[in-house]
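Student: Please find start_29.tsv (TSV, C-alpha atoms and all ligand atoms) on the next line:
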chain	number	residue	atom	x	y	z
B	1	MET	CA	132.61	71.57	112.62
B	2	SER	CA	135.34	68.93	112.60
B	3	ILE	CA	134.86	65.80	110.48
B	4	LYS	CA	134.60	63.68	113.63
B	5	LYS	CA	131.94	65.94	115.17
B	6	PHE	CA	130.02	66.02	111.91
B	7	SER	CA	130.01	62.23	111.53
B	8	ASN	CA	128.79	61.85	115.16
B	9	PHE	CA	126.04	64.38	114.51
B	10	PHE	CA	125.08	62.60	111.29
B	11	ARG	CA	124.96	59.19	113.02
B	12	THR	CA	122.72	60.51	115.81
B	13	PHE	CA	120.47	62.26	113.29
B	14	LYS	CA	120.14	59.07	111.22
B	15	SER	CA	119.26	56.87	114.19
B	16	THR	CA	116.64	59.37	115.42
B	17	GLN	CA	115.12	59.39	111.95
B	18	ASN	CA	115.01	55.59	111.88
B	19	LYS	CA	113.33	55.46	115.27
B	20	LYS	CA	110.71	58.03	114.25
B	21	LEU	CA	107.44	56.20	113.95
B	22	LEU	CA	105.82	56.23	110.56
B	23	ASP	CA	102.22	57.31	110.48
B	24	LEU	CA	99.59	54.77	109.55
B	25	LYS	CA	99.08	55.96	105.99
B	26	GLU	CA	102.83	55.88	105.40
B	27	ILE	CA	103.02	52.31	106.72
B	28	HIS	CA	100.17	51.30	104.42
B	29	ILE	CA	101.64	53.08	101.39
B	30	ARG	CA	105.13	51.65	101.92
B	31	ASN	CA	103.74	48.11	102.23
B	32	LYS	CA	105.53	45.74	99.88
B	33	GLY	CA	104.24	42.54	101.45
B	34	TYR	CA	100.80	41.00	101.40
B	35	VAL	CA	98.13	43.14	99.75
B	36	SER	CA	95.91	45.29	101.97
B	37	ASP	CA	92.74	47.07	100.84
B	38	LYS	CA	91.86	50.19	102.90
B	39	TRP	CA	90.23	53.50	101.86
B	40	ALA	CA	92.48	56.51	102.46
B	41	SER	CA	89.99	58.21	104.79
B	42	TYR	CA	89.92	55.13	107.06
B	43	LEU	CA	93.64	55.49	107.65
B	44	ASP	CA	93.14	59.11	108.75
B	45	VAL	CA	90.32	58.10	111.08
B	46	TYR	CA	92.33	55.19	112.49
B	47	SER	CA	95.40	57.38	113.07
B	48	GLU	CA	93.21	59.66	115.12
B	49	ILE	CA	91.22	57.12	117.13
B	50	PHE	CA	94.12	54.70	117.71
B	51	ALA	CA	96.61	57.42	118.72
B	52	ASN	CA	96.28	56.70	122.45
B	53	LYS	CA	96.52	52.95	121.87
B	54	ARG	CA	99.55	52.95	119.58
B	55	ASP	CA	102.01	52.36	122.42
B	56	LYS	CA	99.64	50.50	124.70
B	57	GLU	CA	101.40	47.63	126.42
B	58	GLY	CA	99.79	44.25	125.75
B	59	LEU	CA	97.38	45.51	123.10
B	60	THR	CA	95.16	42.89	121.49
B	61	LEU	CA	93.42	43.30	118.12
B	62	LEU	CA	91.04	41.13	116.14
B	63	GLU	CA	90.35	41.80	112.46
B	64	VAL	CA	87.42	39.99	110.89
B	65	GLY	CA	88.05	39.56	107.17
B	66	ILE	CA	91.71	39.63	106.17
B	67	GLN	CA	91.63	38.46	102.55
B	68	ASN	CA	95.23	38.88	101.29
B	69	GLY	CA	96.51	39.51	104.79
B	70	GLY	CA	98.31	42.85	104.33
B	71	SER	CA	96.34	44.74	106.97
B	72	LEU	CA	97.75	42.45	109.68
B	73	GLN	CA	101.27	43.53	108.68
B	74	THR	CA	100.16	47.16	108.90
B	75	TRP	CA	98.74	46.70	112.42
B	76	LEU	CA	101.85	44.83	113.50
B	77	THR	CA	104.03	47.76	112.46
B	78	PHE	CA	101.68	50.45	113.75
B	79	PHE	CA	101.01	49.15	117.27
B	80	THR	CA	104.44	49.13	118.85
B	81	LYS	CA	103.62	46.99	121.91
B	82	ILE	CA	101.00	44.72	120.46
B	83	LYS	CA	100.67	41.40	122.27
B	84	LYS	CA	98.33	39.48	120.01
B	85	LEU	CA	96.89	40.13	116.58
B	86	ILE	CA	94.26	37.70	115.37
B	87	GLY	CA	93.01	37.69	111.81
B	88	THR	CA	89.99	35.64	110.91
B	89	ASP	CA	88.50	34.82	107.52
B	90	ILE	CA	85.95	32.41	106.11
B	91	ASP	CA	88.14	31.77	103.07
B	92	PRO	CA	90.30	28.65	103.60
B	93	LYS	CA	92.87	30.10	101.17
B	94	CYS	CA	93.81	32.54	103.95
B	95	SER	CA	95.55	29.65	105.72
B	96	LYS	CA	98.31	30.07	103.10
B	97	LEU	CA	99.25	33.38	104.72
B	98	LYS	CA	102.39	33.10	106.83
B	99	TYR	CA	103.76	35.68	109.29
B	100	LYS	CA	107.19	35.73	110.90
B	101	SER	CA	105.83	37.20	114.12
B	102	LYS	CA	104.39	34.83	116.72
B	103	LYS	CA	102.09	37.65	117.75
B	104	VAL	CA	99.96	37.00	114.66
B	105	GLU	CA	97.49	34.12	114.62
B	106	LEU	CA	94.94	33.18	112.01
B	107	VAL	CA	91.59	31.55	112.61
B	108	ILE	CA	89.84	30.25	109.51
B	109	GLY	CA	86.06	30.11	109.78
B	110	ASP	CA	82.78	31.98	109.61
B	111	ILE	CA	82.84	34.66	112.29
B	112	ASN	CA	79.20	34.06	113.04
B	113	GLU	CA	79.71	30.42	113.96
B	114	ASP	CA	80.22	29.60	117.63
B	115	LEU	CA	83.19	27.37	116.83
B	116	THR	CA	85.10	30.23	115.16
B	117	ILE	CA	84.48	32.52	118.14
B	118	GLU	CA	85.52	29.71	120.50
B	119	LYS	CA	88.81	29.27	118.60
B	120	ILE	CA	89.48	33.01	118.74
B	121	THR	CA	88.71	33.42	122.43
B	122	LYS	CA	90.85	30.39	123.27
B	123	ILE	CA	93.81	32.37	121.94
B	124	GLU	CA	92.80	35.70	123.47
B	125	LYS	CA	89.89	36.39	125.80
B	126	LYS	CA	89.44	40.12	125.29
B	127	PHE	CA	90.42	42.73	122.74
B	128	ASP	CA	91.32	46.40	122.79
B	129	ILE	CA	90.14	46.69	119.21
B	130	ILE	CA	87.89	44.61	116.99
B	131	ILE	CA	87.53	45.59	113.32
B	132	ASP	CA	84.77	44.01	111.28
B	133	ASP	CA	85.86	44.06	107.63
B	134	GLY	CA	84.06	40.82	106.80
B	135	SER	CA	81.09	40.13	104.51
B	136	HIS	CA	79.53	43.64	104.76
B	137	LEU	CA	76.05	42.11	104.59
B	138	SER	CA	73.81	44.04	106.97
B	139	SER	CA	72.59	40.95	108.81
B	140	ASP	CA	76.18	39.72	109.29
B	141	ILE	CA	77.40	43.13	110.51
B	142	ILE	CA	74.67	43.24	113.16
B	143	ILE	CA	75.12	39.64	114.32
B	144	THR	CA	78.90	40.00	114.43
B	145	PHE	CA	78.56	43.08	116.62
B	146	LEU	CA	76.09	41.33	118.95
B	147	ASN	CA	78.36	38.28	119.19
B	148	LEU	CA	81.68	40.06	119.62
B	149	PHE	CA	80.97	43.16	121.70
B	150	LYS	CA	81.34	41.19	124.92
B	151	TYR	CA	84.94	40.40	123.98
B	152	ILE	CA	85.93	44.08	123.91
B	153	LYS	CA	87.90	45.31	126.92
B	154	ASN	CA	86.70	48.22	129.03
B	155	ASP	CA	87.70	51.37	127.07
B	156	GLY	CA	88.09	49.32	123.91
B	157	LEU	CA	86.78	50.04	120.43
B	158	TYR	CA	84.54	48.08	118.10
B	159	ILE	CA	84.69	49.20	114.49
B	160	ALA	CA	82.42	48.25	111.59
B	161	GLU	CA	84.03	49.06	108.24
B	162	ASP	CA	82.58	49.63	104.77
B	163	LEU	CA	79.16	50.71	105.94
B	164	HIS	CA	78.51	52.26	102.50
B	165	CYS	CA	77.38	48.72	101.67
B	166	SER	CA	74.55	49.25	104.10
B	167	TYR	CA	72.94	51.57	101.52
B	168	TRP	CA	73.13	48.97	98.75
B	169	GLN	CA	70.52	46.31	97.98
B	170	ASP	CA	73.13	43.67	97.16
B	171	TYR	CA	74.32	43.88	100.75
B	172	GLU	CA	70.82	43.80	102.32
B	173	GLY	CA	70.87	47.58	102.62
B	174	GLY	CA	69.08	50.71	101.45
B	175	LEU	CA	68.74	54.27	102.75
B	176	ASP	CA	65.26	53.60	104.13
B	177	LYS	CA	65.72	49.91	104.79
B	178	LYS	CA	64.76	49.66	108.42
B	179	ASP	CA	66.95	46.68	109.22
B	180	SER	CA	70.13	47.86	107.50
B	181	ALA	CA	73.35	47.79	109.48
B	182	ASN	CA	73.63	51.56	109.50
B	183	ASN	CA	70.06	51.91	110.77
B	184	PHE	CA	70.92	49.43	113.51
B	185	PHE	CA	73.85	51.57	114.65
B	186	LYS	CA	71.70	54.70	114.43
B	187	LYS	CA	69.16	53.05	116.72
B	188	LEU	CA	72.00	51.98	118.97
B	189	SER	CA	73.02	55.61	119.39
B	190	ASP	CA	69.90	56.06	121.56
B	191	VAL	CA	71.23	53.60	124.13
B	192	VAL	CA	73.93	56.10	125.07
B	193	ASN	CA	71.05	57.88	126.85
B	194	MET	CA	69.26	54.72	127.98
B	195	GLU	CA	69.49	55.78	131.61
B	196	HIS	CA	66.77	58.37	130.87
B	197	TRP	CA	64.30	56.04	129.21
B	198	ILE	CA	61.21	55.37	131.29
B	199	ASN	CA	61.37	51.56	130.99
B	200	GLN	CA	64.79	50.50	129.82
B	201	LYS	CA	64.22	46.82	129.22
B	202	GLU	CA	60.70	46.99	127.81
B	203	ASP	CA	61.64	49.90	125.56
B	204	LEU	CA	64.76	48.16	124.33
B	205	HIS	CA	62.67	45.47	122.66
B	206	SER	CA	60.29	47.90	121.00
B	207	HIS	CA	63.08	50.29	120.01
B	208	PHE	CA	64.78	47.48	118.08
B	209	GLU	CA	61.60	45.83	116.77
B	210	ASP	CA	62.86	46.05	113.18
B	211	PHE	CA	65.66	43.63	114.05
B	212	PRO	CA	64.29	40.08	114.52
B	213	VAL	CA	67.69	38.86	115.72
B	214	ILE	CA	67.27	41.00	118.83
B	215	LYS	CA	63.83	39.62	119.56
B	216	LYS	CA	65.46	36.19	119.69
B	217	MET	CA	68.00	37.34	122.27
B	218	HIS	CA	67.43	37.22	126.02
B	219	ILE	CA	66.70	40.81	126.97
B	220	ASP	CA	69.25	40.69	129.83
B	221	ASP	CA	71.98	39.78	127.35
B	222	PHE	CA	71.02	42.65	125.08
B	223	PHE	CA	70.78	45.04	128.02
B	224	LEU	CA	74.27	44.04	129.08
B	225	ILE	CA	75.59	44.97	125.62
B	226	THR	CA	73.68	48.23	125.30
B	227	SER	CA	74.44	49.47	128.80
B	228	GLN	CA	78.16	49.20	128.06
B	229	VAL	CA	77.98	51.28	124.90
B	230	HIS	CA	79.74	54.48	125.89
B	231	SER	CA	79.69	56.29	122.56
B	232	ILE	CA	78.95	55.79	118.89
B	233	GLU	CA	80.69	57.76	116.24
B	234	PHE	CA	79.84	57.82	112.55
B	235	ARG	CA	82.45	58.65	109.95
B	236	ASN	CA	82.24	58.06	106.21
B	237	SER	CA	81.56	54.30	105.96
B	238	ILE	CA	82.82	53.56	109.47
B	239	CYS	CA	81.03	53.25	112.78
B	240	ILE	CA	83.11	53.33	115.96
B	241	ILE	CA	81.60	52.08	119.19
B	242	LYS	CA	83.44	52.67	122.44
B	243	LYS	CA	82.83	50.31	125.34
B	244	LYS	CA	82.97	51.35	128.97
B	245	LYS	CA	81.76	49.95	132.28
B	246	ILE	CA	78.14	50.81	133.10
B	247	SER	CA	79.15	53.19	135.88
B	248	SER	CA	81.10	55.28	133.37
B	249	ASN	CA	78.08	55.60	131.13
B	250	LEU	CA	75.78	57.24	133.67
B	251	LEU	CA	75.18	60.95	134.11
B	252	GLY	CA	76.76	60.93	137.57
B	253	LYS	CA	76.51	63.51	140.31
B	254	ARG	CA	74.92	66.91	139.72
B	255	LEU	CA	77.74	69.33	140.42
B	256	ILE	CA	76.17	72.64	141.37
B	257	THR	CA	78.82	75.03	142.59
B	258	GLY	CA	78.88	78.64	143.75
B	259	LYS	CA	77.01	80.34	146.60
B	260	LYS	CA	74.88	83.08	145.10
B	261	ALA	CA	71.75	82.01	143.17
B	262	ILE	CA	70.16	85.41	142.59
B	263	VAL	CA	67.94	84.37	139.64
B	264	ASN	CA	66.65	80.93	140.66
B	265	ASP	CA	67.65	79.22	143.88
B	266	ASP	CA	65.59	76.06	143.19
B	267	VAL	CA	68.66	74.67	141.57
B	268	LEU	CA	70.46	74.58	144.96
B	269	ARG	CA	68.12	71.86	146.20
B	270	LEU	CA	69.43	69.56	143.47
B	271	ARG	CA	73.03	69.92	144.63
B	272	GLY	CA	74.76	66.55	144.90
B	273	LYS	CA	71.83	64.61	143.45
B	274	ARG	CA	73.00	61.65	141.44
B	275	ALA	CA	71.60	59.12	139.06
B	276	SER	CA	71.91	56.02	141.18
B	277	LEU	CA	73.85	53.16	139.65
B	278	LYS	CA	72.52	50.75	142.27
B	279	SER	CA	68.86	51.36	141.62
B	280	TYR	CA	69.45	51.46	137.87
B	281	LEU	CA	71.07	48.05	137.99
B	282	LYS	CA	68.58	46.63	140.49
B	283	LYS	CA	65.79	47.66	138.19
B	284	ASN	CA	67.39	46.02	135.20
B	285	ILE	CA	69.73	43.17	135.98
B	286	LYS	CA	70.44	41.57	139.33
B	287	ASN	CA	73.40	39.36	138.61
B	288	LEU	CA	75.64	41.50	136.52
B	289	LYS	CA	79.25	40.47	136.22
B	290	LYS	CA	81.51	42.79	138.21
B	291	ASP	CA	83.69	43.73	135.24
B	292	SER	CA	80.70	45.24	133.46
B	293	THR	CA	79.67	47.61	136.26
V	301	LIG	C1	87.15	43.34	102.23
V	301	LIG	S1	87.92	41.83	102.47
V	301	LIG	C2	89.04	42.17	103.79
V	301	LIG	C3	90.16	43.07	103.44
V	301	LIG	C4	91.25	43.20	104.47
V	301	LIG	N1	90.77	43.51	105.78
V	301	LIG	C5	92.24	44.26	104.05
V	301	LIG	O1	92.36	45.29	104.75
V	301	LIG	O2	92.92	44.08	103.06
V	301	LIG	C6	86.67	40.90	103.21
V	301	LIG	C7	87.04	39.49	103.66
V	301	LIG	O3	86.03	39.05	104.57
V	301	LIG	C8	85.91	37.65	104.45
V	301	LIG	N2	84.60	37.22	104.99
V	301	LIG	C9	83.39	37.31	104.39
V	301	LIG	N3	82.44	36.78	105.19
V	301	LIG	C10	83.05	36.36	106.32
V	301	LIG	C11	82.61	35.71	107.51
V	301	LIG	N4	81.31	35.42	107.69
V	301	LIG	N5	83.50	35.38	108.45
V	301	LIG	C12	84.82	35.69	108.27
V	301	LIG	N6	85.31	36.29	107.16
V	301	LIG	C13	84.44	36.63	106.20
V	301	LIG	C14	86.08	37.40	102.95
V	301	LIG	O4	86.47	36.06	102.70
V	301	LIG	C15	87.12	38.45	102.56
V	301	LIG	O5	88.41	37.86	102.52
Let me see whether you can do it: turn the structure in this file into structure tokens.
Tutor:
Amino acid sequence: MSIKKFSNFFRTFKSTQNKKLLDLKEIHIRNKGYVSDKWASYLDVYSEIFANKRDKEGLTLLEVGIQNGGSLQTWLTFFTKIKKLIGTDIDPKCSKLKYKSKKVELVIGDINEDLTIEKITKIEKKFDIIIDDGSHLSSDIIITFLNLFKYIKNDGLYIAEDLHCSYWQDYEGGLDKKDSANNFFKKLSDVVNMEHWINQKEDLHSHFEDFPVIKKMHIDDFFLITSQVHSIEFRNSICIIKKKKISSNLLGKRLITGKKAIVNDDVLRLRGKRASLKSYLKKNIKNLKKDST
């Protein structure tokens, strides 16, 4: 290979290498800026669950609890087309954090105060991803989820971090503590199948009777949250809740195909039967917003 050809080859190779996206763990490890505190396994989970959002145009992310601010730099590098990244923290010292990118905004305040949520949603109405890495107190984790889930976009993810705290007394937790954050999310996993409950609204209240905060909520508001829970996934110390429109959370049409039913032909009578979205909604909420159905 001539020297000229070799240097061209080398230049192309180098630029391809530079363009190659670093994986999340690499970004976190190479961080030389503001300190970020994440467990290694979280980075593996995030790489997996954020893979299809990494290049999403106009992505919006809210992180509750930023402390030294390094995680915002990680997200900014990881999500290549991020539009807005909001970090919020109750600690006023976080206002000292400065970012070159205009995509990053900080909101100082308690996430469970209306004013803080108002300030956040004035900047950005809905989020692809919300990560709660705040106080880790069980009551806060539950209230934050109830307050913020409505600001997740269709197909978006809500993530509660550090749920190991939910097993510890100091954080209002315990393995058998009925109102711990993890027990709340475990109860919430039943709402994925809520369509099959006999009385959705009545049963919602009794199902969550260990959580006084839910008793205080209007049942329609809680139904609206629960009916948009598409899936709940538990990983070590993390709970991931995916939000989808109500119609995407129903069982749908019964697809019975084929022509020969030589063992039991009863099944053919059920062909095309569907769980009706209309009657389900009519039974539960009349004036649902269009974007939730
Ligand atoms: C574990 S640290 C966050 C670490 C950060 N996400 C990171 O990756 O490096 C938790 C932060 O949550 C903040 N926090 C605690 N309670 C809060 C609340 N009610 N509202 C907002 N932030 C809160 C604390 O001030 C603290 O800075």
Student: As AutoDock Vina command-line options, please report the centre and edge lengths, rounded to one decimal in Å, of the axis-aligned box that holds all listed atoms of ligand LIG 301 (chain V) with 3 Å of padding on each of the six sides.
Tutor:
--center_x 87.1 --center_y 40.3 --center_z 105.3 --size_x 17.6 --size_y 15.9 --size_z 12.2
Student: Can you list, as a ChimeraX atom specification, every protein, DNA or RNA residue that comes within 12 Å of region 107-123 of chain B when you count only C-alpha atoms, leaving out same-chain residues fewer than 3 positions away?
Tutor: /B:60-67,83-97,103-104,126-127,130-135,139-152
Student: For ligand LIG 301 (chain V), which residue among B:Gly156, B:Pro212, B:Gly258, B:Gly70 is the nearest when counting all atoms listed in the file?
Tutor: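 Using all atoms listed in the file, ligand LIG 301 (chain V) sits closest to B:Gly70.
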Student: Quick one: residues within 12 Å of (102.4, 53.7, 104.7) (file frame), counting all atoms listed in the file, please, as a list in words.
Tutor: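 Output: Leu21, Leu22, Asp23, Leu24, Lys25, Glu26, Ile27, His28, Ile29, Arg30, Asn31, Lys32, Gly33, Ser36, Lys38, Ala40, Leu43, Asp44, Ser47, Gly70, Ser71, Gln73, Thr74, Trp75, Thr77 and Phe78 of chain B.
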Student: Give as a ChimeraX atom specification the set of residues within 12 Å of the point (67.5, 46.5, 105.7), where distances use the file's coordinates and only C-alpha atoms.
Tutor: /B:137-142,165-184,210-212
Student: Measure the distance from CA of Ser279 (chain B) to CA of Asn249 (chain B) in Å and round it to one decimal.
Tutor: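 Those two atoms sit 14.6 Å apart.
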Student: Which polymer residues have any atom within 10 Å of an atom of Lys53 (chain B), counting all atoms listed in the file, with same-chain residues fewer than 3 positions away left out, as a ChimeraX atom specification?
Tutor: /B:47,49-50,56-57,59,78-82,128-129,156
Student: Report, in Å with one decimal, the straight-line distance from CA of Asp291 (chain B) to CA of Lys102 (chain B).
Tutor: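 Straight-line distance from CA of Asp291 (chain B) to CA of Lys102 (chain B) works out to 29.2 Å.
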Student: In Å, how far is it from CA of Phe208 (chain B) to CA of Asn193 (chain B)?
Tutor: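 Atom-to-atom, CA of Phe208 (chain B) and CA of Asn193 (chain B) are spaced 15.0 Å apart.
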Student: Could I see region 110-141 of chain B restored to N, CA and C atoms, set down as an mmCIF file, in the coordinates of the input?
Tutor:
data_model
loop_
_atom_site.group_PDB
_atom_site.id
_atom_site.type_symbol
_atom_site.label_atom_id
_atom_site.label_comp_id
_atom_site.auth_asym_id
_atom_site.auth_seq_id
_atom_site.Cartn_x
_atom_site.Cartn_y
_atom_site.Cartn_z
ATOM 1 N N ASP B 110 83.828 30.952 109.696
ATOM 2 C CA ASP B 110 82.780 31.980 109.610
ATOM 3 C C ASP B 110 82.671 32.645 110.985
ATOM 4 N N ILE B 111 82.818 33.948 111.010
ATOM 5 C CA ILE B 111 82.840 34.660 112.290
ATOM 6 C C ILE B 111 81.519 34.505 113.039
ATOM 7 N N ASN B 112 80.472 34.187 112.326
ATOM 8 C CA ASN B 112 79.200 34.060 113.040
ATOM 9 C C ASN B 112 78.879 32.636 113.464
ATOM 10 N N GLU B 113 79.894 31.774 113.410
ATOM 11 C CA GLU B 113 79.710 30.420 113.960
ATOM 12 C C GLU B 113 80.385 30.359 115.321
ATOM 13 N N ASP B 114 79.699 29.688 116.253
ATOM 14 C CA ASP B 114 80.220 29.600 117.630
ATOM 15 C C ASP B 114 81.642 29.042 117.655
ATOM 16 N N LEU B 115 81.884 28.032 116.807
ATOM 17 C CA LEU B 115 83.190 27.370 116.830
ATOM 18 C C LEU B 115 84.324 28.357 116.500
ATOM 19 N N THR B 116 84.071 29.247 115.542
ATOM 20 C CA THR B 116 85.100 30.230 115.160
ATOM 21 C C THR B 116 85.380 31.164 116.353
ATOM 22 N N ILE B 117 84.305 31.602 116.989
ATOM 23 C CA ILE B 117 84.480 32.520 118.140
ATOM 24 C C ILE B 117 85.198 31.787 119.278
ATOM 25 N N GLU B 118 84.846 30.510 119.457
ATOM 26 C CA GLU B 118 85.520 29.710 120.500
ATOM 27 C C GLU B 118 87.026 29.629 120.237
ATOM 28 N N LYS B 119 87.378 29.387 118.963
ATOM 29 C CA LYS B 119 88.810 29.270 118.600
ATOM 30 C C LYS B 119 89.534 30.584 118.874
ATOM 31 N N ILE B 120 88.861 31.694 118.542
ATOM 32 C CA ILE B 120 89.480 33.010 118.740
ATOM 33 C C ILE B 120 89.678 33.282 120.233
ATOM 34 N N THR B 121 88.641 33.049 121.006
ATOM 35 C CA THR B 121 88.710 33.420 122.430
ATOM 36 C C THR B 121 89.566 32.426 123.239
ATOM 37 N N LYS B 122 89.887 31.290 122.629
ATOM 38 C CA LYS B 122 90.850 30.390 123.270
ATOM 39 C C LYS B 122 92.239 30.998 123.194
ATOM 40 N N ILE B 123 92.497 31.721 122.118
ATOM 41 C CA ILE B 123 93.810 32.370 121.940
ATOM 42 C C ILE B 123 93.873 33.635 122.793
ATOM 43 N N GLU B 124 92.823 34.426 122.747
ATOM 44 C CA GLU B 124 92.800 35.700 123.470
ATOM 45 C C GLU B 124 91.370 35.954 123.949
ATOM 46 N N LYS B 125 91.248 36.254 125.256
ATOM 47 C CA LYS B 125 89.890 36.390 125.800
ATOM 48 C C LYS B 125 89.231 37.720 125.470
ATOM 49 N N LYS B 126 90.027 38.795 125.510
ATOM 50 C CA LYS B 126 89.440 40.120 125.290
ATOM 51 C C LYS B 126 90.327 40.971 124.396
ATOM 52 N N PHE B 127 89.697 41.916 123.719
ATOM 53 C CA PHE B 127 90.420 42.730 122.740
ATOM 54 C C PHE B 127 90.287 44.222 123.007
ATOM 55 N N ASP B 128 91.379 44.927 122.729
ATOM 56 C CA ASP B 128 91.320 46.400 122.790
ATOM 57 C C ASP B 128 90.574 46.933 121.577
ATOM 58 N N ILE B 129 90.757 46.236 120.462
ATOM 59 C CA ILE B 129 90.140 46.690 119.210
ATOM 60 C C ILE B 129 89.627 45.480 118.429
ATOM 61 N N ILE B 130 88.391 45.599 117.961
ATOM 62 C CA ILE B 130 87.890 44.610 116.990
ATOM 63 C C ILE B 130 87.448 45.394 115.748
ATOM 64 N N ILE B 131 87.932 44.958 114.587
ATOM 65 C CA ILE B 131 87.530 45.590 113.320
ATOM 66 C C ILE B 131 86.768 44.565 112.498
ATOM 67 N N ASP B 132 85.540 44.897 112.142
ATOM 68 C CA ASP B 132 84.770 44.010 111.280
ATOM 69 C C ASP B 132 84.881 44.483 109.827
ATOM 70 N N ASP B 133 85.718 43.771 109.063
ATOM 71 C CA ASP B 133 85.860 44.060 107.630
ATOM 72 C C ASP B 133 85.506 42.772 106.874
ATOM 73 N N GLY B 134 84.436 42.129 107.346
ATOM 74 C CA GLY B 134 84.060 40.820 106.800
ATOM 75 C C GLY B 134 83.136 40.893 105.607
ATOM 76 N N SER B 135 81.949 40.278 105.704
ATOM 77 C CA SER B 135 81.090 40.130 104.510
ATOM 78 C C SER B 135 80.413 41.421 104.084
ATOM 79 N N HIS B 136 80.218 42.358 105.010
ATOM 80 C CA HIS B 136 79.530 43.640 104.760
ATOM 81 C C HIS B 136 78.041 43.480 104.486
ATOM 82 N N LEU B 137 77.509 42.276 104.681
ATOM 83 C CA LEU B 137 76.050 42.110 104.590
ATOM 84 C C LEU B 137 75.467 42.665 105.879
ATOM 85 N N SER B 138 74.356 43.400 105.760
ATOM 86 C CA SER B 138 73.810 44.040 106.970
ATOM 87 C C SER B 138 73.542 43.040 108.089
ATOM 88 N N SER B 139 72.916 41.912 107.745
ATOM 89 C CA SER B 139 72.590 40.950 108.810
ATOM 90 C C SER B 139 73.859 40.447 109.496
ATOM 91 N N ASP B 140 74.916 40.192 108.702
ATOM 92 C CA ASP B 140 76.180 39.720 109.290
ATOM 93 C C ASP B 140 76.805 40.782 110.191
ATOM 94 N N ILE B 141 76.773 42.039 109.730
ATOM 95 C CA ILE B 141 77.400 43.130 110.510
ATOM 96 C C ILE B 141 76.730 43.215 111.892
#
